[in-house]
>>> print(open('protein33.tsv').read())   # TSV, N, CA and C atoms
chain	number	residue	atom	x	y	z
A	1	MET	N	262.53	150.02	272.44
A	1	MET	CA	262.72	148.85	271.62
A	1	MET	C	264.21	148.54	271.46
A	2	LYS	N	265.04	149.58	271.25
A	2	LYS	CA	266.48	149.36	271.11
A	2	LYS	C	267.05	148.79	272.40
A	3	LYS	N	266.54	149.25	273.53
A	3	LYS	CA	267.03	148.78	274.83
A	3	LYS	C	266.72	147.28	274.98
A	4	PHE	N	265.54	146.86	274.55
A	4	PHE	CA	265.15	145.45	274.64
A	4	PHE	C	266.08	144.58	273.80
A	5	PHE	N	266.34	144.97	272.56
A	5	PHE	CA	267.22	144.18	271.69
A	5	PHE	C	268.65	144.18	272.20
A	6	GLY	N	269.11	145.31	272.72
A	6	GLY	CA	270.46	145.37	273.27
A	6	GLY	C	270.61	144.44	274.47
A	7	THR	N	269.62	144.42	275.34
A	7	THR	CA	269.64	143.54	276.51
A	7	THR	C	269.57	142.08	276.09
A	8	THR	N	268.74	141.76	275.11
A	8	THR	CA	268.62	140.39	274.61
A	8	THR	C	269.92	139.93	273.98
A	9	LEU	N	270.55	140.78	273.20
A	9	LEU	CA	271.82	140.45	272.56
A	9	LEU	C	272.90	140.22	273.61
A	10	LEU	N	272.95	141.06	274.62
A	10	LEU	CA	273.94	140.92	275.70
A	10	LEU	C	273.73	139.63	276.47
A	11	ALA	N	272.50	139.30	276.79
A	11	ALA	CA	272.20	138.05	277.50
A	11	ALA	C	272.59	136.84	276.66
A	12	GLY	N	272.35	136.91	275.37
A	12	GLY	CA	272.73	135.82	274.48
A	12	GLY	C	274.24	135.65	274.42
A	13	ALA	N	274.97	136.74	274.42
A	13	ALA	CA	276.44	136.67	274.38
A	13	ALA	C	276.97	136.00	275.65
A	14	PHE	N	276.42	136.34	276.81
A	14	PHE	CA	276.87	135.71	278.05
A	14	PHE	C	276.51	134.23	278.08
A	15	ALA	N	275.38	133.87	277.51
A	15	ALA	CA	274.98	132.46	277.47
A	15	ALA	C	275.94	131.64	276.62
A	16	VAL	N	276.40	132.19	275.52
A	16	VAL	CA	277.32	131.49	274.64
A	16	VAL	C	278.70	131.34	275.29
A	17	MET	N	279.12	132.33	276.06
A	17	MET	CA	280.44	132.29	276.69
A	17	MET	C	280.54	131.15	277.71
A	18	GLY	N	279.48	130.80	278.37
A	18	GLY	CA	279.53	129.72	279.35
A	18	GLY	C	278.42	128.73	279.08
A	19	MET	N	278.70	127.72	278.26
A	19	MET	CA	277.68	126.77	277.86
A	19	MET	C	277.87	125.44	278.58
A	20	ALA	N	276.75	124.90	279.06
A	20	ALA	CA	276.78	123.58	279.68
A	20	ALA	C	277.04	122.55	278.59
A	21	ALA	N	277.88	121.57	278.92
A	21	ALA	CA	278.25	120.59	277.91
A	21	ALA	C	278.71	119.30	278.56
A	22	ASP	N	278.66	118.23	277.79
A	22	ASP	CA	279.29	116.96	278.13
A	22	ASP	C	280.47	116.83	277.18
A	23	VAL	N	281.66	116.69	277.74
A	23	VAL	CA	282.87	116.61	276.93
A	23	VAL	C	283.60	115.33	277.30
A	24	SER	N	284.00	114.55	276.29
A	24	SER	CA	284.75	113.31	276.51
A	24	SER	C	286.11	113.42	275.87
A	25	GLY	N	287.10	112.81	276.55
A	25	GLY	CA	288.45	112.82	276.00
A	25	GLY	C	289.42	112.16	276.95
A	26	ASN	N	290.70	112.45	276.76
A	26	ASN	CA	291.75	111.89	277.61
A	26	ASN	C	291.99	112.80	278.81
A	27	LEU	N	292.02	112.20	279.99
A	27	LEU	CA	292.29	112.93	281.22
A	27	LEU	C	293.79	112.95	281.44
A	28	LEU	N	294.36	114.16	281.53
A	28	LEU	CA	295.81	114.32	281.63
A	28	LEU	C	296.18	115.06	282.91
A	29	ASP	N	297.42	114.85	283.34
A	29	ASP	CA	297.99	115.61	284.44
A	29	ASP	C	298.32	117.00	283.91
A	30	ALA	N	297.73	118.04	284.50
A	30	ALA	CA	297.88	119.40	283.98
A	30	ALA	C	299.31	119.92	284.06
A	31	SER	N	300.02	119.62	285.15
A	31	SER	CA	301.38	120.14	285.27
A	31	SER	C	302.30	119.51	284.23
A	32	CYS	N	302.14	118.22	283.97
A	32	CYS	CA	302.93	117.55	282.94
A	32	CYS	C	302.58	118.11	281.56
A	33	TYR	N	301.29	118.24	281.29
A	33	TYR	CA	300.85	118.70	279.98
A	33	TYR	C	301.33	120.14	279.71
A	34	SER	N	301.33	120.99	280.73
A	34	SER	CA	301.78	122.37	280.52
A	34	SER	C	303.27	122.44	280.19
A	35	LYS	N	304.04	121.48	280.69
A	35	LYS	CA	305.48	121.44	280.39
A	35	LYS	C	305.76	120.85	279.02
A	36	GLU	N	305.09	119.73	278.71
A	36	GLU	CA	305.39	118.98	277.49
A	36	GLU	C	304.50	119.34	276.30
A	37	MET	N	303.31	119.86	276.56
A	37	MET	CA	302.32	120.20	275.53
A	37	MET	C	302.00	119.04	274.60
A	38	LYS	N	302.07	117.83	275.15
A	38	LYS	CA	301.64	116.65	274.41
A	38	LYS	C	301.09	115.65	275.42
A	39	SER	N	300.25	114.77	274.96
A	39	SER	CA	299.57	113.87	275.88
A	39	SER	C	300.26	112.52	276.06
A	40	ALA	N	301.24	112.22	275.26
A	40	ALA	CA	301.85	110.89	275.26
A	40	ALA	C	302.33	110.44	276.63
A	41	ASN	N	302.95	111.30	277.39
A	41	ASN	CA	303.52	110.91	278.67
A	41	ASN	C	302.79	111.52	279.86
A	42	CYS	N	301.60	112.05	279.65
A	42	CYS	CA	300.95	112.84	280.69
A	42	CYS	C	299.62	112.29	281.17
A	43	ALA	N	299.41	110.99	281.07
A	43	ALA	CA	298.15	110.41	281.56
A	43	ALA	C	297.98	110.72	283.04
A	44	ALA	N	296.76	111.01	283.44
A	44	ALA	CA	296.47	111.28	284.85
A	44	ALA	C	296.75	110.03	285.68
A	45	THR	N	297.27	110.23	286.87
A	45	THR	CA	297.56	109.13	287.78
A	45	THR	C	296.97	109.45	289.14
A	46	ALA	N	297.09	108.49	290.06
A	46	ALA	CA	296.57	108.68	291.41
A	46	ALA	C	297.29	109.82	292.13
A	47	SER	N	298.48	110.19	291.68
A	47	SER	CA	299.21	111.28	292.34
A	47	SER	C	298.98	112.65	291.67
A	48	SER	N	298.20	112.69	290.59
A	48	SER	CA	297.90	113.96	289.93
A	48	SER	C	297.01	114.82	290.83
A	49	THR	N	297.24	116.14	290.80
A	49	THR	CA	296.43	117.04	291.61
A	49	THR	C	295.68	118.08	290.79
A	50	SER	N	296.09	118.27	289.54
A	50	SER	CA	295.37	119.17	288.64
A	50	SER	C	295.27	118.49	287.29
A	51	PHE	N	294.18	118.80	286.57
A	51	PHE	CA	293.85	118.01	285.40
A	51	PHE	C	293.50	118.87	284.19
A	52	VAL	N	293.68	118.25	283.03
A	52	VAL	CA	293.30	118.80	281.74
A	52	VAL	C	292.57	117.69	281.00
A	53	LEU	N	291.50	118.04	280.31
A	53	LEU	CA	290.80	117.08	279.46
A	53	LEU	C	291.12	117.44	278.02
A	54	LEU	N	291.74	116.52	277.29
A	54	LEU	CA	292.08	116.73	275.89
A	54	LEU	C	290.99	116.10	275.05
A	55	ALA	N	290.20	116.95	274.39
A	55	ALA	CA	289.06	116.48	273.60
A	55	ALA	C	289.08	117.17	272.24
A	56	SER	N	289.07	116.38	271.19
A	56	SER	CA	289.07	116.90	269.82
A	56	SER	C	290.19	117.92	269.59
A	57	GLY	N	291.36	117.63	270.13
A	57	GLY	CA	292.52	118.49	269.92
A	57	GLY	C	292.56	119.75	270.77
A	58	LYS	N	291.58	119.95	271.65
A	58	LYS	CA	291.55	121.13	272.51
A	58	LYS	C	291.71	120.70	273.96
A	59	ALA	N	292.53	121.43	274.71
A	59	ALA	CA	292.78	121.13	276.12
A	59	ALA	C	291.91	122.04	276.99
A	60	TYR	N	291.14	121.42	277.87
A	60	TYR	CA	290.28	122.14	278.80
A	60	TYR	C	290.81	121.94	280.22
A	61	LYS	N	291.14	123.04	280.90
A	61	LYS	CA	291.60	122.98	282.29
A	61	LYS	C	290.38	122.81	283.20
A	62	PHE	N	290.59	122.13	284.32
A	62	PHE	CA	289.52	121.98	285.30
A	62	PHE	C	289.58	123.12	286.32
A	63	ASP	N	288.42	123.50	286.83
A	63	ASP	CA	288.38	124.44	287.93
A	63	ASP	C	288.80	123.70	289.21
A	64	THR	N	288.95	124.41	290.32
A	64	THR	CA	289.42	123.81	291.57
A	64	THR	C	288.53	122.67	292.02
A	65	ALA	N	287.22	122.88	292.00
A	65	ALA	CA	286.29	121.82	292.40
A	65	ALA	C	286.38	120.64	291.44
A	66	GLY	N	286.61	120.90	290.18
A	66	GLY	CA	286.75	119.84	289.18
A	66	GLY	C	287.98	118.99	289.44
A	67	ASN	N	289.07	119.63	289.85
A	67	ASN	CA	290.28	118.87	290.20
A	67	ASN	C	289.99	117.92	291.35
A	68	GLU	N	289.27	118.37	292.36
A	68	GLU	CA	288.92	117.52	293.50
A	68	GLU	C	288.02	116.36	293.06
A	69	LYS	N	287.07	116.63	292.18
A	69	LYS	CA	286.18	115.59	291.68
A	69	LYS	C	286.95	114.56	290.85
A	70	ALA	N	287.92	115.02	290.09
A	70	ALA	CA	288.74	114.11	289.28
A	70	ALA	C	289.60	113.22	290.18
A	71	ILE	N	290.16	113.78	291.24
A	71	ILE	CA	290.94	112.98	292.19
A	71	ILE	C	290.09	111.87	292.77
A	72	THR	N	288.89	112.20	293.20
A	72	THR	CA	287.97	111.21	293.77
A	72	THR	C	287.59	110.17	292.73
A	73	ALA	N	287.31	110.61	291.50
A	73	ALA	CA	286.93	109.67	290.44
A	73	ALA	C	288.06	108.72	290.11
A	74	LEU	N	289.29	109.21	290.10
A	74	LEU	CA	290.43	108.34	289.82
A	74	LEU	C	290.60	107.29	290.91
A	75	LYS	N	290.36	107.68	292.14
A	75	LYS	CA	290.52	106.74	293.27
A	75	LYS	C	289.46	105.65	293.25
A	76	THR	N	288.32	105.93	292.66
A	76	THR	CA	287.22	104.96	292.68
A	76	THR	C	286.89	104.40	291.31
A	77	ARG	N	287.77	104.60	290.34
A	77	ARG	CA	287.47	104.15	288.98
A	77	ARG	C	287.28	102.65	288.90
A	78	ALA	N	286.61	102.21	287.87
A	78	ALA	CA	286.14	100.83	287.73
A	78	ALA	C	287.25	99.80	287.85
A	79	ASP	N	288.44	100.06	287.32
A	79	ASP	CA	289.48	99.03	287.34
A	79	ASP	C	290.08	98.85	288.73
A	80	ARG	N	289.66	99.67	289.69
A	80	ARG	CA	290.14	99.53	291.05
A	80	ARG	C	289.02	99.07	291.98
A	81	ALA	N	287.84	98.84	291.45
A	81	ALA	CA	286.69	98.50	292.28
A	81	ALA	C	286.89	97.20	293.05
A	82	LYS	N	287.54	96.22	292.45
A	82	LYS	CA	287.74	94.94	293.11
A	82	LYS	C	288.78	95.03	294.22
A	83	ASP	N	289.84	95.78	293.99
A	83	ASP	CA	290.92	95.91	294.96
A	83	ASP	C	291.33	97.37	295.04
A	84	PRO	N	290.83	98.11	296.05
A	84	PRO	CA	291.14	99.53	296.13
A	84	PRO	C	292.62	99.84	296.29
A	85	ASN	N	293.43	98.87	296.68
A	85	ASN	CA	294.86	99.10	296.84
A	85	ASN	C	295.63	98.93	295.53
A	86	GLN	N	294.95	98.42	294.50
A	86	GLN	CA	295.58	98.24	293.19
A	86	GLN	C	295.84	99.61	292.58
A	87	PRO	N	297.05	99.86	292.09
A	87	PRO	CA	297.32	101.17	291.48
A	87	PRO	C	296.56	101.34	290.17
A	88	ALA	N	296.22	102.57	289.86
A	88	ALA	CA	295.57	102.86	288.59
A	88	ALA	C	296.55	102.54	287.46
A	89	THR	N	296.02	102.09	286.35
A	89	THR	CA	296.89	101.74	285.22
A	89	THR	C	297.55	103.00	284.67
A	90	ALA	N	298.69	102.82	284.06
A	90	ALA	CA	299.43	103.96	283.50
A	90	ALA	C	298.98	104.28	282.08
A	91	ASN	N	298.05	103.48	281.54
A	91	ASN	CA	297.56	103.72	280.18
A	91	ASN	C	296.70	104.98	280.16
A	92	ALA	N	296.31	105.36	278.96
A	92	ALA	CA	295.47	106.54	278.80
A	92	ALA	C	294.21	106.40	279.65
A	93	VAL	N	293.84	107.49	280.27
A	93	VAL	CA	292.64	107.54	281.10
A	93	VAL	C	291.62	108.37	280.35
A	94	THR	N	290.47	107.79	280.04
A	94	THR	CA	289.43	108.55	279.36
A	94	THR	C	288.38	108.98	280.39
A	95	ALA	N	287.77	110.11	280.10
A	95	ALA	CA	286.77	110.66	281.02
A	95	ALA	C	285.69	111.38	280.25
A	96	THR	N	284.52	111.42	280.85
A	96	THR	CA	283.42	112.22	280.35
A	96	THR	C	283.08	113.22	281.44
A	97	VAL	N	283.10	114.49	281.09
A	97	VAL	CA	282.88	115.56	282.05
A	97	VAL	C	281.62	116.32	281.68
A	98	SER	N	280.75	116.54	282.66
A	98	SER	CA	279.59	117.41	282.48
A	98	SER	C	279.88	118.69	283.23
A	99	GLY	N	279.67	119.80	282.58
A	99	GLY	CA	279.93	121.07	283.23
A	99	GLY	C	279.75	122.24	282.29
A	100	THR	N	280.21	123.38	282.75
A	100	THR	CA	280.09	124.61	281.98
A	100	THR	C	281.45	124.97	281.41
A	101	VAL	N	281.51	125.11	280.09
A	101	VAL	CA	282.75	125.45	279.41
A	101	VAL	C	282.79	126.97	279.22
A	102	THR	N	283.86	127.57	279.71
A	102	THR	CA	284.10	128.99	279.52
A	102	THR	C	285.52	129.15	279.01
A	103	GLY	N	285.65	129.47	277.75
A	103	GLY	CA	286.99	129.57	277.14
A	103	GLY	C	287.65	128.21	277.13
A	104	ASP	N	288.80	128.10	277.83
A	104	ASP	CA	289.51	126.82	277.89
A	104	ASP	C	289.41	126.16	279.26
A	105	THR	N	288.40	126.55	280.04
A	105	THR	CA	288.20	126.00	281.38
A	105	THR	C	286.84	125.35	281.49
A	106	ILE	N	286.79	124.23	282.21
A	106	ILE	CA	285.51	123.56	282.49
A	106	ILE	C	285.22	123.69	283.99
A	107	GLN	N	284.05	124.22	284.29
A	107	GLN	CA	283.56	124.22	285.67
A	107	GLN	C	282.82	122.90	285.80
A	108	VAL	N	283.47	121.93	286.42
A	108	VAL	CA	283.02	120.54	286.44
A	108	VAL	C	281.84	120.34	287.40
A	109	GLU	N	280.76	119.77	286.85
A	109	GLU	CA	279.61	119.38	287.67
A	109	GLU	C	279.75	117.91	288.06
A	110	SER	N	280.15	117.08	287.09
A	110	SER	CA	280.36	115.66	287.37
A	110	SER	C	281.40	115.12	286.39
A	111	ILE	N	282.03	114.01	286.82
A	111	ILE	CA	283.04	113.39	285.98
A	111	ILE	C	282.94	111.88	286.11
A	112	SER	N	283.08	111.20	284.99
A	112	SER	CA	283.10	109.74	284.95
A	112	SER	C	284.40	109.33	284.31
A	113	VAL	N	285.19	108.53	285.03
A	113	VAL	CA	286.51	108.12	284.56
A	113	VAL	C	286.47	106.64	284.19
A	114	GLN	N	287.01	106.31	283.00
A	114	GLN	CA	287.08	104.91	282.57
A	114	GLN	C	288.51	104.45	282.59
>>> encode(input="protein33.tsv", output="C-alpha coordinates")
Amino acid sequence: MKKFFGTTLLAGAFAVMGMAADVSGNLLDASCYSKEMKSANCAATASSTSFVLLASGKAYKFDTAGNEKAITALKTRADRAKDPNQPATANAVTATVSGTVTGDTIQVESISVQ
(Lines of atoms letter the chains of each structure in order from A and count residues from 1; the text may use other names and numbers.)
(Lines give C-alpha, C1' and ligand atoms only; values in the text may rest on other atoms or scores of the structure.)
Protein backbone atom coordinates (compact mmCIF):
# COMPACT_ATOMS: atom_id res chain seq x y z
CA MET A 1 0.00 0.00 0.00
CA LYS A 2 2.84 2.42 0.83
CA LYS A 3 4.46 1.64 -2.51
CA PHE A 4 1.21 2.50 -4.34
CA PHE A 5 0.86 5.87 -2.60
CA GLY A 6 4.53 6.68 -3.09
CA THR A 7 4.27 5.94 -6.82
CA THR A 8 1.05 7.97 -7.12
CA LEU A 9 2.62 10.92 -5.30
CA LEU A 10 5.72 10.78 -7.52
CA ALA A 11 3.63 10.64 -10.70
CA GLY A 12 1.59 13.61 -9.50
CA ALA A 13 4.75 15.62 -8.81
CA PHE A 14 6.05 15.00 -12.35
CA ALA A 15 2.68 15.97 -13.80
CA VAL A 16 2.73 19.31 -11.97
CA MET A 17 6.30 20.07 -13.08
CA GLY A 18 5.35 19.96 -16.77
CA MET A 19 1.79 21.15 -17.31
CA ALA A 20 0.16 21.77 -20.67
CA ALA A 21 -1.08 25.33 -20.89
CA ASP A 22 -2.16 28.18 -23.13
CA VAL A 23 -0.19 31.29 -22.23
CA SER A 24 -0.74 34.76 -23.73
CA GLY A 25 1.53 37.76 -23.47
CA ASN A 26 4.13 39.90 -25.21
CA LEU A 27 6.56 38.15 -27.53
CA LEU A 28 10.07 39.48 -26.95
CA ASP A 29 13.52 39.01 -28.43
CA ALA A 30 15.28 36.79 -25.87
CA SER A 31 18.79 38.15 -26.38
CA CYS A 32 17.60 41.74 -25.93
CA TYR A 33 15.47 40.85 -22.91
CA SER A 34 18.34 38.98 -21.20
CA LYS A 35 20.53 42.09 -21.51
CA GLU A 36 17.96 44.74 -20.56
CA MET A 37 15.54 42.72 -18.36
CA LYS A 38 12.69 44.92 -19.52
CA SER A 39 10.26 44.64 -22.39
CA ALA A 40 10.10 48.27 -23.52
CA ASN A 41 12.74 47.99 -26.24
CA CYS A 42 12.70 44.24 -26.86
CA ALA A 43 9.68 43.51 -29.06
CA ALA A 44 10.24 40.50 -31.31
CA THR A 45 11.10 41.36 -34.91
CA ALA A 46 11.61 39.49 -38.16
CA SER A 47 15.33 39.28 -37.33
CA SER A 48 14.81 37.73 -33.86
CA THR A 49 16.06 34.15 -33.51
CA SER A 50 15.20 33.34 -29.90
CA PHE A 51 12.14 34.35 -27.97
CA VAL A 52 10.66 34.99 -24.54
CA LEU A 53 6.96 35.30 -23.76
CA LEU A 54 6.26 37.83 -21.00
CA ALA A 55 2.96 36.89 -19.38
CA SER A 56 1.65 38.19 -16.05
CA GLY A 57 5.09 39.48 -15.10
CA LYS A 58 6.84 36.14 -15.72
CA ALA A 59 9.22 35.49 -18.63
CA TYR A 60 9.01 32.10 -20.32
CA LYS A 61 11.85 31.04 -22.64
CA PHE A 62 11.02 29.03 -25.75
CA ASP A 63 12.57 25.67 -26.52
CA THR A 64 14.48 25.28 -29.82
CA ALA A 65 11.44 24.06 -31.75
CA GLY A 66 9.41 26.91 -30.24
CA ASN A 67 11.92 29.46 -31.52
CA GLU A 68 11.54 28.03 -35.04
CA LYS A 69 7.73 28.13 -34.76
CA ALA A 70 7.85 31.75 -33.56
CA ILE A 71 10.06 32.73 -36.51
CA THR A 72 7.56 31.18 -38.92
CA ALA A 73 4.61 32.79 -37.12
CA LEU A 74 6.23 36.23 -37.27
CA LYS A 75 6.85 35.87 -41.00
CA THR A 76 3.22 34.98 -41.66
CA ARG A 77 1.46 37.17 -39.09
CA ALA A 78 -1.81 38.83 -40.03
CA ASP A 79 -0.47 42.35 -40.64
CA ARG A 80 1.81 40.97 -43.36
CA ALA A 81 -0.80 38.78 -45.08
CA LYS A 82 -1.58 41.35 -47.77
CA ASP A 83 2.04 42.13 -48.61
CA PRO A 84 4.62 39.56 -47.47
CA ASN A 85 7.43 42.05 -48.17
CA GLN A 86 6.01 44.55 -45.67
CA PRO A 87 8.17 44.61 -42.52
CA ALA A 88 6.60 43.57 -39.24
CA THR A 89 5.60 46.52 -37.10
CA ALA A 90 7.96 47.56 -34.32
CA ASN A 91 5.10 47.80 -31.82
CA ALA A 92 4.50 45.22 -29.14
CA VAL A 93 3.88 41.76 -30.54
CA THR A 94 1.33 39.69 -28.64
CA ALA A 95 1.18 35.92 -28.87
CA THR A 96 -0.74 32.97 -27.53
CA VAL A 97 1.34 29.86 -27.02
CA SER A 98 0.08 26.33 -26.42
CA GLY A 99 2.60 23.99 -24.91
CA THR A 100 4.10 22.42 -21.84
CA VAL A 101 5.46 24.74 -19.17
CA THR A 102 8.41 23.42 -17.17
CA GLY A 103 9.88 25.97 -14.80
CA ASP A 104 10.57 29.06 -16.91
CA THR A 105 10.59 27.26 -20.28
CA ILE A 106 7.75 26.50 -22.68
CA GLN A 107 7.96 23.49 -24.96
CA VAL A 108 5.91 25.08 -27.73
CA GLU A 109 3.27 23.01 -29.51
CA SER A 110 1.71 25.94 -31.39
CA ILE A 111 1.91 29.70 -31.47
CA SER A 112 -0.43 32.42 -32.73
CA VAL A 113 1.07 35.87 -33.23
CA GLN A 114 -1.04 39.05 -33.44
>>> atom_distance(input="protein33.tsv", atom1="CA of Ala92 in chain A", atom2="CA of Ala43 in chain A")
5.5 Å
>>> closest_residue(input="protein33.tsv", among="A:Asp29, A:Glu109, A:Asp22, A:Glu36", to="Lys61 in chain A", atoms="only C-alpha atoms")
A:Asp29
>>> closest_residue(input="protein33.tsv", among="A:Val23, A:Leu74, A:Val113, A:Ala65", to="Thr45 in chain A", atoms="all atoms listed in the file")
A:Leu74
>>> atom_distance(input="protein33.tsv", atom1="CA of Leu53 in chain A", atom2="CA of Thr76 in chain A")
18.3 Å
>>> closest_residue(input="protein33.tsv", among="A:Val101, A:Leu27, A:Ala73, A:Val108", to="Cys42 in chain A", atoms="only N, CA and C atoms")
A:Leu27
>>> atom_distance(input="protein33.tsv", atom1="atom C of Ala55 in chain A", atom2="CA of Ala20 in chain A")
15.7 Å
>>> closest_residue(input="protein33.tsv", among="A:Ala95, A:Met37, A:Ile106, A:Ala46", to="Gly66 in chain A", atoms="all atoms listed in the file")
A:Ile106
>>> select_by_dssp(input="protein33.tsv", residues="range 27-112 of chain A", states="strand (DSSP E)", output="number ranges by chain")
A: 27-29, 51-55, 58-62, 93-102, 105-112
>>> closest_residue(input="protein33.tsv", among="A:Ala59, A:Leu54, A:Ala21, A:Ala44", to="Val97 in chain A", atoms="all atoms listed in the file")
A:Ala21
>>> closest_residue(input="protein33.tsv", among="A:Thr64, A:Ser110, A:Val52, A:Gly57", to="Asn26 in chain A", atoms="all atoms listed in the file")
A:Val52
>>> residues_around(input="protein33.tsv", residues="Gln107 in chain A", least_positions_apart="3", cutoff="6.5 Å", atoms="only N, CA and C atoms", output="list of chain:residue names")
A:Phe62, A:Asp63, A:Gly66, A:Ser98, A:Gly99, A:Thr100, A:Val101, A:Thr102
